[in-house]
Amino acid sequence: PALRRLSRHLLAHYQKGTRPVRDWRTTTNVAIDLMVYAILSVDEKNQVLTTYIWYRQHWTDEFLKWDPARFDNLTQISLPVESIWVPDILINEFVDVGKSPHVPYVYVSHHGEVQNLKPIQVMTACSLDIYNFPFDVQNCSLTFTSWLHHIRDINLSLWRQPELVKFDRSVFMNQGEWELLYVLSHFQEFSVKSSDSYAEMKFYVVIRRRPLFYTVSLLLPSIFLMVMDIVGFYLPPHSGERVSFKITLLLGYSVFLIIVSDTLPATAVGTPLIGIYFVVCMALLVISLTETILIVRLVHKQDLQPHVPEWVKHLLLERATILLCIRERKKFSQNRMQSLDTSRQVENNDSTAKLTPYVCEDPRECGAVGGTRSALAFAGRMEGSAALQEVLRETTAIRQLLEKREEFRDIAREWLQVGYVLDVLLFRVYLAAVLAYSVTLGTLWSVWRDA
């Protein structure tokens, strides 16, 4: 058969250990091509990219030519790759041998052109930048070069046009975490310590992470917890519920960080921005809890609490209320204090009235009882004067106690008013900081995603 006769004719005196040129000055030009089939994994910790590519190369073998008319018009034949010369082109970034399928044959045309087509699982070293995670874009290079032959022996070129290679996603499986943006190609010569130059062809594989999963599982829960922290400021500061609520939020956020710690990429050279985002959110929760504890301490009623200093009243109850537009609360507090003063005066008048001796209004009544009172007045004067003095002392002590208690209540109300104003002030400062932080992060991530 023609195939067997042609195979015996080509391989009878073929020497695969020698570069297939008749003149040793002739350079063997190897044209290579690359198509990315899938992105298998990206190991940020070890800085390793695993891809599956379709690799093609062709060159001219001057000892594998024949006349098709002598072999039943055969123009192409497949030969075992172990039987012919193959260029020693490797990838410089190789770190491990992947599970690539073995293709045992190459195609040879009657002009001597050899086509070597094979799929390769490539595990290469790549400098991965995860600062923009989960909106990061990675640029990893695959450098093809001859390990032994310099450029005078083997030269490299691109099989197709660079524009066709750049946007070729015809075989790419784009259902994973990463999507292929483009593949850039670049040819250059390099030499080591002024020795012979070597030809190399670089392919830059540019990929981008799909951020939807990380946005839903990482960013949204954190945003929800921060929103609940802001809503917690509307709880009354004089009650203890706000402190327990914010402590619960802080514990919940700590558990959330423990859960998502395995999801975040880990490297020894840098920290992703989302990790900084989580740390700042934790710090904001701690600041919010500290502010709540401060306010609760101010508005908590204590019997030995001193009066509010005048400079505090001037700054918070006069200047800050105008700045924060909370005049109604101050007016309500003043009206309430005035009503309390009025009620206190009424109580004092009532107690004074109770201590006033009885005066009869009708003269006849006074005359009727005058004799009896005059008879008994002398007998009970000695005993009545001692009892009256005891009653007066007890009444005075009760009055002083009530006045002292009312003074403590006034002091507590003053501190409560100061606490309310300070709470509003710190809440608005905290809200402005959270909004500025959110807008900054959103702008940065939007710019990186669009880029």
# chains A, B, ... in the order shown; residues from 1 in each chain; ligands from 1
>>> residues_around(residues="region 13-30 of chain A", least_positions_apart="2", cutoff="7 Å", atoms="only C-alpha atoms", output="list in words")
Leu10, Leu11, Ile32, Gln57, His58, Trp59, Asp61, Glu62, Phe63, Ser83, Ile84, Trp85, Arg152, Asp153, Ile154, Asn155, Leu156 and Ser157 of chain A
>>> write_last_selection(atoms="N, CA, C and O atoms", output="PDB file, in the first residue's frame")
ATOM      1  N   LEU A  10      10.422   7.269   3.758  1.00  0.00           N
ATOM      2  CA  LEU A  10      10.827   8.458   4.518  1.00  0.00           C
ATOM      3  C   LEU A  10      11.700   8.114   5.724  1.00  0.00           C
ATOM      4  O   LEU A  10      12.621   8.877   6.077  1.00  0.00           O
ATOM      5  N   LEU A  11      11.448   7.003   6.380  1.00  0.00           N
ATOM      6  CA  LEU A  11      12.141   6.694   7.628  1.00  0.00           C
ATOM      7  C   LEU A  11      13.273   5.693   7.482  1.00  0.00           C
ATOM      8  O   LEU A  11      13.905   5.326   8.480  1.00  0.00           O
ATOM      9  N   ILE A  32       4.593  28.824  15.849  1.00  0.00           N
ATOM     10  CA  ILE A  32       3.800  28.265  16.944  1.00  0.00           C
ATOM     11  C   ILE A  32       2.492  29.037  17.068  1.00  0.00           C
ATOM     12  O   ILE A  32       2.363  30.188  16.631  1.00  0.00           O
ATOM     13  N   GLN A  57       2.394  23.710  16.470  1.00  0.00           N
ATOM     14  CA  GLN A  57       3.662  24.190  15.923  1.00  0.00           C
ATOM     15  C   GLN A  57       3.927  23.467  14.595  1.00  0.00           C
ATOM     16  O   GLN A  57       3.513  22.329  14.406  1.00  0.00           O
ATOM     17  N   HIS A  58       4.605  24.160  13.704  1.00  0.00           N
ATOM     18  CA  HIS A  58       4.985  23.521  12.440  1.00  0.00           C
ATOM     19  C   HIS A  58       6.339  24.070  11.995  1.00  0.00           C
ATOM     20  O   HIS A  58       6.697  25.217  12.290  1.00  0.00           O
ATOM     21  N   TRP A  59       7.069  23.249  11.291  1.00  0.00           N
ATOM     22  CA  TRP A  59       8.394  23.580  10.775  1.00  0.00           C
ATOM     23  C   TRP A  59       8.612  22.774   9.503  1.00  0.00           C
ATOM     24  O   TRP A  59       7.815  21.896   9.146  1.00  0.00           O
ATOM     25  N   ASP A  61      10.922  20.154   7.447  1.00  0.00           N
ATOM     26  CA  ASP A  61      11.919  19.085   7.548  1.00  0.00           C
ATOM     27  C   ASP A  61      12.378  18.753   6.129  1.00  0.00           C
ATOM     28  O   ASP A  61      11.608  18.215   5.317  1.00  0.00           O
ATOM     29  N   GLU A  62      13.608  19.111   5.802  1.00  0.00           N
ATOM     30  CA  GLU A  62      14.102  18.944   4.437  1.00  0.00           C
ATOM     31  C   GLU A  62      14.308  17.481   4.051  1.00  0.00           C
ATOM     32  O   GLU A  62      14.503  17.185   2.857  1.00  0.00           O
ATOM     33  N   PHE A  63      14.264  16.564   4.986  1.00  0.00           N
ATOM     34  CA  PHE A  63      14.455  15.144   4.692  1.00  0.00           C
ATOM     35  C   PHE A  63      13.132  14.374   4.661  1.00  0.00           C
ATOM     36  O   PHE A  63      13.132  13.149   4.549  1.00  0.00           O
ATOM     37  N   SER A  83       9.767   9.054  15.891  1.00  0.00           N
ATOM     38  CA  SER A  83      10.626   8.634  14.776  1.00  0.00           C
ATOM     39  C   SER A  83      11.265   9.788  14.044  1.00  0.00           C
ATOM     40  O   SER A  83      12.130   9.562  13.178  1.00  0.00           O
ATOM     41  N   ILE A  84      10.884  11.018  14.326  1.00  0.00           N
ATOM     42  CA  ILE A  84      11.412  12.169  13.596  1.00  0.00           C
ATOM     43  C   ILE A  84      11.967  13.189  14.581  1.00  0.00           C
ATOM     44  O   ILE A  84      11.786  13.078  15.798  1.00  0.00           O
ATOM     45  N   TRP A  85      12.636  14.162  14.014  1.00  0.00           N
ATOM     46  CA  TRP A  85      13.214  15.245  14.825  1.00  0.00           C
ATOM     47  C   TRP A  85      12.103  16.215  15.223  1.00  0.00           C
ATOM     48  O   TRP A  85      11.287  16.635  14.399  1.00  0.00           O
ATOM     49  N   ARG A 152      20.312  31.254  15.695  1.00  0.00           N
ATOM     50  CA  ARG A 152      20.830  30.903  14.373  1.00  0.00           C
ATOM     51  C   ARG A 152      20.416  29.484  13.969  1.00  0.00           C
ATOM     52  O   ARG A 152      20.405  29.172  12.789  1.00  0.00           O
ATOM     53  N   ASP A 153      20.080  28.662  14.944  1.00  0.00           N
ATOM     54  CA  ASP A 153      19.629  27.307  14.638  1.00  0.00           C
ATOM     55  C   ASP A 153      18.103  27.213  14.557  1.00  0.00           C
ATOM     56  O   ASP A 153      17.550  26.670  13.606  1.00  0.00           O
ATOM     57  N   ILE A 154      17.441  27.736  15.572  1.00  0.00           N
ATOM     58  CA  ILE A 154      15.977  27.680  15.619  1.00  0.00           C
ATOM     59  C   ILE A 154      15.457  29.078  15.897  1.00  0.00           C
ATOM     60  O   ILE A 154      15.835  29.708  16.891  1.00  0.00           O
ATOM     61  N   ASN A 155      14.622  29.524  15.004  1.00  0.00           N
ATOM     62  CA  ASN A 155      13.952  30.812  15.175  1.00  0.00           C
ATOM     63  C   ASN A 155      12.455  30.562  15.332  1.00  0.00           C
ATOM     64  O   ASN A 155      11.909  29.600  14.786  1.00  0.00           O
ATOM     65  N   LEU A 156      11.805  31.429  16.081  1.00  0.00           N
ATOM     66  CA  LEU A 156      10.382  31.278  16.350  1.00  0.00           C
ATOM     67  C   LEU A 156       9.602  32.377  15.649  1.00  0.00           C
ATOM     68  O   LEU A 156      10.079  33.509  15.497  1.00  0.00           O
ATOM     69  N   SER A 157       8.403  32.051  15.290  1.00  0.00           N
ATOM     70  CA  SER A 157       7.485  33.013  14.677  1.00  0.00           C
ATOM     71  C   SER A 157       6.068  32.631  15.069  1.00  0.00           C
ATOM     72  O   SER A 157       5.820  31.564  15.630  1.00  0.00           O
TER      73      SER A 157
END
>>> closest_atom_pairs(of="region 126-179 of chain A", to="region 90-98 of chain A", cutoff="7 Å", atoms="only C-alpha atoms", output="JSON lines")
{"residue": "A:Leu142", "atom": "CA", "partner": "A:Ile91", "partner_atom": "CA", "distance": 6.3}
{"residue": "A:Thr143", "atom": "CA", "partner": "A:Ile91", "partner_atom": "CA", "distance": 5.2}
{"residue": "A:Phe144", "atom": "CA", "partner": "A:Ile91", "partner_atom": "CA", "distance": 4.7}
{"residue": "A:Thr145", "atom": "CA", "partner": "A:Leu90", "partner_atom": "CA", "distance": 5.8}
{"residue": "A:Ser146", "atom": "CA", "partner": "A:Leu90", "partner_atom": "CA", "distance": 6.3}
{"residue": "A:Trp147", "atom": "CA", "partner": "A:Leu90", "partner_atom": "CA", "distance": 6.6}
>>> write_last_selection(atoms="N, CA, C and O atoms", output="PDB file, in the first residue's frame")
ATOM      1  N   LEU A 142       3.169  32.931  29.149  1.00  0.00           N
ATOM      2  CA  LEU A 142       3.669  31.624  28.733  1.00  0.00           C
ATOM      3  C   LEU A 142       4.768  31.883  27.716  1.00  0.00           C
ATOM      4  O   LEU A 142       4.487  32.353  26.598  1.00  0.00           O
ATOM      5  N   THR A 143       6.004  31.591  28.080  1.00  0.00           N
ATOM      6  CA  THR A 143       7.158  31.898  27.239  1.00  0.00           C
ATOM      7  C   THR A 143       7.663  30.617  26.585  1.00  0.00           C
ATOM      8  O   THR A 143       8.172  29.721  27.274  1.00  0.00           O
ATOM      9  N   PHE A 144       7.546  30.544  25.265  1.00  0.00           N
ATOM     10  CA  PHE A 144       8.030  29.389  24.506  1.00  0.00           C
ATOM     11  C   PHE A 144       9.401  29.727  23.929  1.00  0.00           C
ATOM     12  O   PHE A 144       9.575  30.748  23.255  1.00  0.00           O
ATOM     13  N   THR A 145      10.339  28.863  24.185  1.00  0.00           N
ATOM     14  CA  THR A 145      11.700  29.066  23.690  1.00  0.00           C
ATOM     15  C   THR A 145      12.409  27.727  23.572  1.00  0.00           C
ATOM     16  O   THR A 145      12.024  26.748  24.221  1.00  0.00           O
ATOM     17  N   SER A 146      13.432  27.691  22.719  1.00  0.00           N
ATOM     18  CA  SER A 146      14.264  26.500  22.609  1.00  0.00           C
ATOM     19  C   SER A 146      15.250  26.473  23.767  1.00  0.00           C
ATOM     20  O   SER A 146      15.939  27.455  24.039  1.00  0.00           O
ATOM     21  N   TRP A 147      15.308  25.343  24.454  1.00  0.00           N
ATOM     22  CA  TRP A 147      16.150  25.256  25.631  1.00  0.00           C
ATOM     23  C   TRP A 147      17.635  25.166  25.285  1.00  0.00           C
ATOM     24  O   TRP A 147      18.476  25.583  26.072  1.00  0.00           O
TER      25      TRP A 147
END
>>> select_by_dssp(residues="region 74-199 of chain A", states="strand (DSSP E or B)", output="PyMOL selection string")
chain A and resi 76-80+89-91+94-97+105-109+113-125+137-146+154-158+178-191+197-199
>>> atom_distance(atom1="CA of Gly275 (chain A)", atom2="CA of Leu181 (chain A)")
25.9 Å
>>> residues_around(residues="region 188-190 of chain A", least_positions_apart="5", cutoff="10 Å", atoms="only C-alpha atoms", output="short mmCIF file (atom, residue, chain, number, x, y, z; two decimals) with C-alpha atoms, in the first residue's frame")
data_model
loop_
_atom_site.label_atom_id
_atom_site.label_comp_id
_atom_site.auth_asym_id
_atom_site.auth_seq_id
_atom_site.Cartn_x
_atom_site.Cartn_y
_atom_site.Cartn_z
CA THR A 145 11.70 29.07 23.69
CA HIS A 150 20.21 29.59 19.75
CA ILE A 151 18.51 31.83 17.25
CA ASN A 155 13.95 30.81 15.18
CA LEU A 156 10.38 31.28 16.35
CA SER A 195 26.33 34.65 25.06
CA ASP A 196 24.41 33.63 21.97
CA SER A 197 20.92 35.03 21.57
CA TYR A 198 17.85 32.86 21.88
CA ALA A 199 14.46 33.40 20.34
CA GLU A 200 11.39 33.33 22.54
CA MET A 201 7.69 33.86 21.92
CA LYS A 202 5.64 35.20 24.81
#
>>> residues_around(residues="region 427-438 of chain A", least_positions_apart="3", cutoff="9 Å", atoms="only C-alpha atoms", output="JSON, numbers by chain")
{"A": [226, 230, 233, 281, 284, 287, 288, 291, 422, 423, 424, 441, 442, 443]}
>>> write_last_selection(atoms="C-alpha atoms", output="PDB file, in the first residue's frame")
ATOM      1  CA  MET A 226     -23.228  47.409  59.057  1.00  0.00           C
ATOM      2  CA  ILE A 230     -26.500  52.024  62.033  1.00  0.00           C
ATOM      3  CA  PHE A 233     -28.453  53.939  67.040  1.00  0.00           C
ATOM      4  CA  CYS A 281     -15.811  47.250  59.334  1.00  0.00           C
ATOM      5  CA  LEU A 284     -16.253  50.620  62.988  1.00  0.00           C
ATOM      6  CA  ILE A 287     -16.069  52.317  67.661  1.00  0.00           C
ATOM      7  CA  SER A 288     -19.861  52.144  67.596  1.00  0.00           C
ATOM      8  CA  GLU A 291     -19.659  55.306  71.624  1.00  0.00           C
ATOM      9  CA  LEU A 422     -23.851  63.941  72.129  1.00  0.00           C
ATOM     10  CA  ASP A 423     -25.446  60.726  70.848  1.00  0.00           C
ATOM     11  CA  VAL A 424     -26.922  62.528  67.847  1.00  0.00           C
ATOM     12  CA  LEU A 441     -14.608  51.456  48.091  1.00  0.00           C
ATOM     13  CA  GLY A 442     -17.462  51.384  45.593  1.00  0.00           C
ATOM     14  CA  THR A 443     -15.689  53.889  43.350  1.00  0.00           C
TER      15      THR A 443
END
>>> atom_distance(atom1="CA of Pro68 (chain A)", atom2="CA of Pro104 (chain A)")
24.1 Å
>>> residues_around(residues="Leu180 (chain A)", least_positions_apart="5", cutoff="9 Å", atoms="only C-alpha atoms", output="PyMOL selection string")
chain A and resi 36+38-39+169+172+174+205-208
>>> select_by_dssp(residues="region 118-317 of chain A", states="alpha helix (DSSP H)", output="NGL selection string")
:A and (162-166 or 212-214 or 220-231 or 241-260 or 273-299 or 310-312)
>>> atom_distance(atom1="CA of Ile53 (chain A)", atom2="CA of Ile77 (chain A)")
24.7 Å
>>> residues_around(residues="Ile295 (chain A)", least_positions_apart="3", cutoff="8 Å", atoms="only C-alpha atoms", output="ChimeraX atom specification")
/A:237-238,291-292,298-299,419-420,422-423
>>> closest_residue(among="A:Cys126, A:Leu251, A:Leu388, A:Leu164", to="Glu44 (chain A)", atoms="only C-alpha atoms")
A:Cys126
>>> residues_around(residues="Ile130 (chain A)", least_positions_apart="3", cutoff="12 Å", atoms="only C-alpha atoms", output="list in words")
Val42, Asp43, Glu44, Lys45, Gln47, Cys126, Ser127, Phe133, Pro134, Phe135, Asp136, Val137, Gln138, Asn139, Arg208, Arg209, Leu264, Pro265, Ala266, Thr267, Ala268, Val269, Gly270, Thr271, Pro272, Leu273, Ile274 and Gly275 of chain A
>>> write_last_selection(atoms="N, CA and C atoms", output="PDB file, in the first residue's frame")
ATOM      1  N   VAL A  42      -6.478  28.626  39.858  1.00  0.00           N
ATOM      2  CA  VAL A  42      -5.564  29.730  40.164  1.00  0.00           C
ATOM      3  C   VAL A  42      -5.215  29.625  41.646  1.00  0.00           C
ATOM      4  N   ASP A  43      -3.989  29.266  41.926  1.00  0.00           N
ATOM      5  CA  ASP A  43      -3.514  29.083  43.300  1.00  0.00           C
ATOM      6  C   ASP A  43      -2.797  30.355  43.736  1.00  0.00           C
ATOM      7  N   GLU A  44      -3.525  31.203  44.481  1.00  0.00           N
ATOM      8  CA  GLU A  44      -2.927  32.467  44.884  1.00  0.00           C
ATOM      9  C   GLU A  44      -1.821  32.284  45.903  1.00  0.00           C
ATOM     10  N   LYS A  45      -1.950  31.298  46.769  1.00  0.00           N
ATOM     11  CA  LYS A  45      -0.951  31.112  47.814  1.00  0.00           C
ATOM     12  C   LYS A  45       0.394  30.692  47.239  1.00  0.00           C
ATOM     13  N   GLN A  47       1.111  30.930  43.966  1.00  0.00           N
ATOM     14  CA  GLN A  47       1.361  31.704  42.739  1.00  0.00           C
ATOM     15  C   GLN A  47       1.509  30.779  41.528  1.00  0.00           C
ATOM     16  N   CYS A 126       3.137  32.262  38.111  1.00  0.00           N
ATOM     17  CA  CYS A 126       2.564  33.540  37.679  1.00  0.00           C
ATOM     18  C   CYS A 126       2.513  34.478  38.879  1.00  0.00           C
ATOM     19  N   SER A 127       2.858  35.712  38.640  1.00  0.00           N
ATOM     20  CA  SER A 127       2.783  36.723  39.691  1.00  0.00           C
ATOM     21  C   SER A 127       1.345  37.215  39.787  1.00  0.00           C
ATOM     22  N   PHE A 133      -9.167  41.829  44.655  1.00  0.00           N
ATOM     23  CA  PHE A 133     -10.122  40.736  44.823  1.00  0.00           C
ATOM     24  C   PHE A 133     -11.431  41.263  45.403  1.00  0.00           C
ATOM     25  N   PRO A 134     -12.619  40.841  44.868  1.00  0.00           N
ATOM     26  CA  PRO A 134     -12.866  39.847  43.807  1.00  0.00           C
ATOM     27  C   PRO A 134     -13.017  40.448  42.417  1.00  0.00           C
ATOM     28  N   PHE A 135     -12.527  41.648  42.209  1.00  0.00           N
ATOM     29  CA  PHE A 135     -12.598  42.292  40.891  1.00  0.00           C
ATOM     30  C   PHE A 135     -11.212  42.342  40.255  1.00  0.00           C
ATOM     31  N   ASP A 136     -10.416  41.302  40.482  1.00  0.00           N
ATOM     32  CA  ASP A 136      -9.035  41.312  40.016  1.00  0.00           C
ATOM     33  C   ASP A 136      -8.925  40.773  38.596  1.00  0.00           C
ATOM     34  N   VAL A 137      -7.923  41.265  37.904  1.00  0.00           N
ATOM     35  CA  VAL A 137      -7.556  40.836  36.556  1.00  0.00           C
ATOM     36  C   VAL A 137      -6.116  40.359  36.613  1.00  0.00           C
ATOM     37  N   GLN A 138      -5.870  39.149  36.129  1.00  0.00           N
ATOM     38  CA  GLN A 138      -4.536  38.549  36.183  1.00  0.00           C
ATOM     39  C   GLN A 138      -3.947  38.474  34.780  1.00  0.00           C
ATOM     40  N   ASN A 139      -2.653  38.739  34.715  1.00  0.00           N
ATOM     41  CA  ASN A 139      -1.917  38.688  33.463  1.00  0.00           C
ATOM     42  C   ASN A 139      -0.745  37.720  33.646  1.00  0.00           C
ATOM     43  N   ARG A 208      -9.981  37.382  33.923  1.00  0.00           N
ATOM     44  CA  ARG A 208     -10.676  38.193  34.924  1.00  0.00           C
ATOM     45  C   ARG A 208     -11.614  37.305  35.726  1.00  0.00           C
ATOM     46  N   ARG A 209     -11.648  37.562  37.017  1.00  0.00           N
ATOM     47  CA  ARG A 209     -12.498  36.777  37.909  1.00  0.00           C
ATOM     48  C   ARG A 209     -13.944  37.268  37.830  1.00  0.00           C
ATOM     49  N   LEU A 264     -11.260  33.741  51.321  1.00  0.00           N
ATOM     50  CA  LEU A 264     -10.356  34.800  50.883  1.00  0.00           C
ATOM     51  C   LEU A 264      -9.036  34.220  50.404  1.00  0.00           C
ATOM     52  N   PRO A 265      -8.479  34.748  49.334  1.00  0.00           N
ATOM     53  CA  PRO A 265      -7.165  34.268  48.872  1.00  0.00           C
ATOM     54  C   PRO A 265      -6.078  34.675  49.842  1.00  0.00           C
ATOM     55  N   ALA A 266      -5.132  33.778  50.033  1.00  0.00           N
ATOM     56  CA  ALA A 266      -4.050  34.027  50.985  1.00  0.00           C
ATOM     57  C   ALA A 266      -2.722  34.030  50.251  1.00  0.00           C
ATOM     58  N   THR A 267      -1.958  35.094  50.424  1.00  0.00           N
ATOM     59  CA  THR A 267      -0.617  35.193  49.867  1.00  0.00           C
ATOM     60  C   THR A 267       0.306  35.759  50.928  1.00  0.00           C
ATOM     61  N   ALA A 268       1.601  35.529  50.714  1.00  0.00           N
ATOM     62  CA  ALA A 268       2.595  36.043  51.651  1.00  0.00           C
ATOM     63  C   ALA A 268       3.101  37.424  51.273  1.00  0.00           C
ATOM     64  N   VAL A 269       2.677  37.949  50.115  1.00  0.00           N
ATOM     65  CA  VAL A 269       3.224  39.215  49.639  1.00  0.00           C
ATOM     66  C   VAL A 269       2.260  40.373  49.806  1.00  0.00           C
ATOM     67  N   GLY A 270       0.991  40.106  50.079  1.00  0.00           N
ATOM     68  CA  GLY A 270       0.058  41.213  50.184  1.00  0.00           C
ATOM     69  C   GLY A 270      -1.287  40.752  50.709  1.00  0.00           C
ATOM     70  N   THR A 271      -2.127  41.724  51.024  1.00  0.00           N
ATOM     71  CA  THR A 271      -3.466  41.475  51.539  1.00  0.00           C
ATOM     72  C   THR A 271      -4.477  42.070  50.568  1.00  0.00           C
ATOM     73  N   PRO A 272      -5.524  41.338  50.227  1.00  0.00           N
ATOM     74  CA  PRO A 272      -6.532  41.911  49.334  1.00  0.00           C
ATOM     75  C   PRO A 272      -7.277  43.055  49.995  1.00  0.00           C
ATOM     76  N   LEU A 273      -7.802  43.934  49.175  1.00  0.00           N
ATOM     77  CA  LEU A 273      -8.513  45.093  49.696  1.00  0.00           C
ATOM     78  C   LEU A 273      -9.753  44.683  50.475  1.00  0.00           C
ATOM     79  N   ILE A 274     -10.370  43.574  50.102  1.00  0.00           N
ATOM     80  CA  ILE A 274     -11.568  43.146  50.821  1.00  0.00           C
ATOM     81  C   ILE A 274     -11.221  42.725  52.248  1.00  0.00           C
ATOM     82  N   GLY A 275      -9.999  42.212  52.467  1.00  0.00           N
ATOM     83  CA  GLY A 275      -9.569  41.917  53.827  1.00  0.00           C
ATOM     84  C   GLY A 275      -9.438  43.185  54.656  1.00  0.00           C
TER      85      GLY A 275
END
>>> closest_residue(among="A:Ser222, A:Ser239, A:Thr263, A:Asn132", to="Val447 (chain A)", atoms="only C-alpha atoms")
A:Asn132
